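Comments concern the structure below.
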Amino acid sequence: STDESWKPFNSSRVYMADLESTLYYSLYVEVAAHTVISGEALTALKKYISVLSKHFPGRPVVMNLLKSVNSWLQSQTADQISYDALEDILDNTAQMPNAALPDDTKWVGCQGSQPHLRRYPCGLWTLFHVLTVQAKNSTASDPLEVLDAMKRYIHIFFGCRQCAEHFGNMVDSLVEVKTLSSAILWLWAKHNRVNNRIAGALSEDPQFPKIQWPSPEMCSACHTVTDNGEHRWNTEEVLAFLLTYFSSSRILTDYLE
Ligand code: FAD
C-alpha cells in the first residue's frame with residue numbers, strides 16, 4: 001500500500017523514486033485504461049517504451065524489465081495487442097529473473113501537500129526532461145525521438161485530457177527542433193509556458209508555487225536584463241543548467257526499496 005508519510009527531500013534535486021513511480025503509474029494505470037491497444041495508440045506505446053529502454057537512466061532491474069517489454073512489444077506484428085498480454089510481460093511472468101518495476105508509487109520530490117496535488121504530472125514532466133538530457137548524453141541520432149514519443153504518449157494516454165489538449169496545441173513548433181540541445185530547451189520553454197498559464201490555478205500546490213524556472217536563486221547566470229530593463233533568458237546558461245540538473249549522475253536514490 002502507498003506510504004503516505006511525508007518524506008523530507010531537497011527541492012532542487014531529481015529523485016529516482018519519482019521517475020520509477022511515474023513509470024509504474026503510466027504503465028499500470030494510464031495504459032491499463034486501454035483494454036485493447038491498436039493503431040495510433042499502439043504506435044505511441046511502442047515509441048514510448050522504445051525511448052524508455054534506450055534512455056531511461058534506471059537501475060539494472062528496471063532496465064532489464066524495460067528492455068524485455070521493448071523486445072516483446074517491437075516483435076508484435078498484429079495491429080492490436082490486449083492490455084492483459086502487456087501486463088503479463090510487465091509482471092514478468094516466466095521472463096528474466098532480475099527484471100521488475102516497483103509495485104506501487106512512492107512520491108518524493110513530487111510529493112504534494114495534499115493527495116490531489118503534484119505527484120504523477122510532476123513525475124511525467126521530470127521523466128521527459130531527464131529523457132531529453134539522456135538522449136543528448138548518449139548522442140542519439142534523431143533529435144526529435146524523445147519529444148515525438150512524448151507528444152504521442154500525452155495525446156493518447158495522459159489522463160489529464162485538458163492538459164493533453166493544451167500540449168497538443170504547442171507541438172506544432174516541434175518543427176523548429178533540429179538538435180538534441182534544442183530539444184532540451186524546447187521542453188524547458190514549453191514547461192515554463194504551462195507554468196505561466198496555470199500559475200495561481202486550483203491545480204497549484206500552495207507549497208510549490210509555479211514560477212518561471214529555474215529561479216535566479218537556482219541559476220543566476222540563466223537570467224539577464226536588457227538595457228531597457230526587460231528580462232531575458234541566457235539560453236546557453238539554461239542549457240548548461242538543465243544538463244547538470246537532470247543528469248543521471250545527479251539523480252538521488254533515497255527512499256528506493
Ligand atoms: P511541475 O510543473 O509538474 O514541474 C515538476 C518539476 O519540474 C518542478 O518541481 C521543478 O523542479 C521542475 N520544473 C518546473 N518548471 C520547469 C521547466 N520549465 N523546465 C524544467 N523543469 C521544470 N495542469 C493544468 O492545470 N493545466 C494544464 O493545461 C496542464 N498541462 C500539462 C501538460 C503536460 C504535458 C503535463 C505533464 C502536465 C500538465 N499540467 C497541467 C500539470 C501541471 O503542469 C503540473 O505538472 C502540476 O500542476 C504539478 O505541478 P508541480 O508543482 O509539481 O510542478
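Scheme for the C-alpha cells: letters A, B, ... for chains in order shown; per-chain residue numbers from 1; ligand numbers from 1 in order shown.
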List all protein, DNA and RNA residues that have an atom no more than 8 Å from any atom of ligand 1, counting only C-alpha atoms and all ligand atoms, and report them as a tab-separated table (two decimals) with C-alpha atoms, in the first residue's frame.
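The result, stored in selection11.tsv:
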chain	number	residue	atom	x	y	z
A	11	SER	CA	13.54	20.52	-3.80
A	12	SER	CA	16.39	21.24	-6.19
A	13	ARG	CA	17.16	17.60	-6.93
A	14	VAL	CA	15.65	14.82	-9.03
A	109	GLY	CA	10.44	15.26	-4.90
A	110	CYS	CA	6.95	15.20	-6.44
A	111	GLN	CA	5.09	14.90	-3.13
A	112	GLY	CA	2.17	17.27	-2.81
A	117	LEU	CA	-1.58	17.85	-5.90
A	118	ARG	CA	1.69	17.30	-7.83
A	119	ARG	CA	2.61	13.57	-7.95
A	120	TYR	CA	2.16	11.98	-11.37
A	121	PRO	CA	2.00	15.12	-13.58
A	122	CYS	CA	5.14	16.35	-11.80
A	123	GLY	CA	6.76	12.97	-12.40
A	124	LEU	CA	5.84	12.98	-16.08
A	125	TRP	CA	7.45	16.38	-16.70
A	126	THR	CA	10.52	15.27	-14.79
A	129	HIS	CA	13.20	16.39	-19.07
A	154	ILE	CA	0.42	12.62	-23.95
A	160	CYS	CA	-5.48	14.87	-17.83
A	162	GLN	CA	-7.33	19.16	-20.76
A	163	CYS	CA	-3.54	19.09	-20.34
A	164	ALA	CA	-3.21	16.85	-23.39
A	165	GLU	CA	-5.28	19.26	-25.43
A	166	HIS	CA	-3.18	22.26	-24.37
A	167	PHE	CA	0.03	20.37	-25.02
A	187	LEU	CA	10.69	21.22	-23.46
A	188	TRP	CA	12.01	23.66	-20.85
A	189	ALA	CA	10.40	26.61	-22.66
A	190	LYS	CA	7.05	24.84	-23.10
A	191	HIS	CA	7.03	23.78	-19.46
A	192	ASN	CA	7.55	27.42	-18.46
A	193	ARG	CA	4.73	28.42	-20.79
A	194	VAL	CA	2.45	25.97	-18.93
A	195	ASN	CA	3.72	27.24	-15.55
A	197	ARG	CA	-0.60	29.86	-17.83
A	198	ILE	CA	-1.64	27.86	-14.76
A	201	ALA	CA	-4.92	27.88	-10.62
A	202	LEU	CA	-6.65	25.36	-8.34
A	203	SER	CA	-4.20	22.69	-9.50
A	204	GLU	CA	-1.32	24.65	-7.99
A	205	ASP	CA	0.12	23.36	-4.74
A	208	PHE	CA	5.05	24.73	-4.58
A	209	PRO	CA	4.05	27.89	-6.44
A	210	LYS	CA	4.50	27.95	-10.23
A	211	ILE	CA	7.48	30.03	-11.25
A	212	GLN	CA	9.47	30.75	-14.38
A	213	TRP	CA	12.03	28.06	-13.73
A	214	PRO	CA	14.90	27.95	-12.75
A	242	LEU	CA	19.47	21.66	-17.44
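Note that DSSP on the backbone gives strand (DSSP E or B) to these residues of stretch 41-235 of chain A: Gln80, Ile81, Ser82, His223, Thr224, Val225, His231, Arg232 and Trp233 of chain A.
Residues lying within 9 Å of A:Trp72, counting only C-alpha atoms and ignoring same-chain neighbours fewer than 5 positions away, are Lys67, Leu86 and Ile89 of chain A.
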List the spatial neighbours of stretch 250-257 of chain A as a ChimeraX atom specification - criterion: any atom at most 8 Å away, only C-alpha atoms, same-chain residues fewer than 4 positions off excluded. /A:13-17,108,244-246
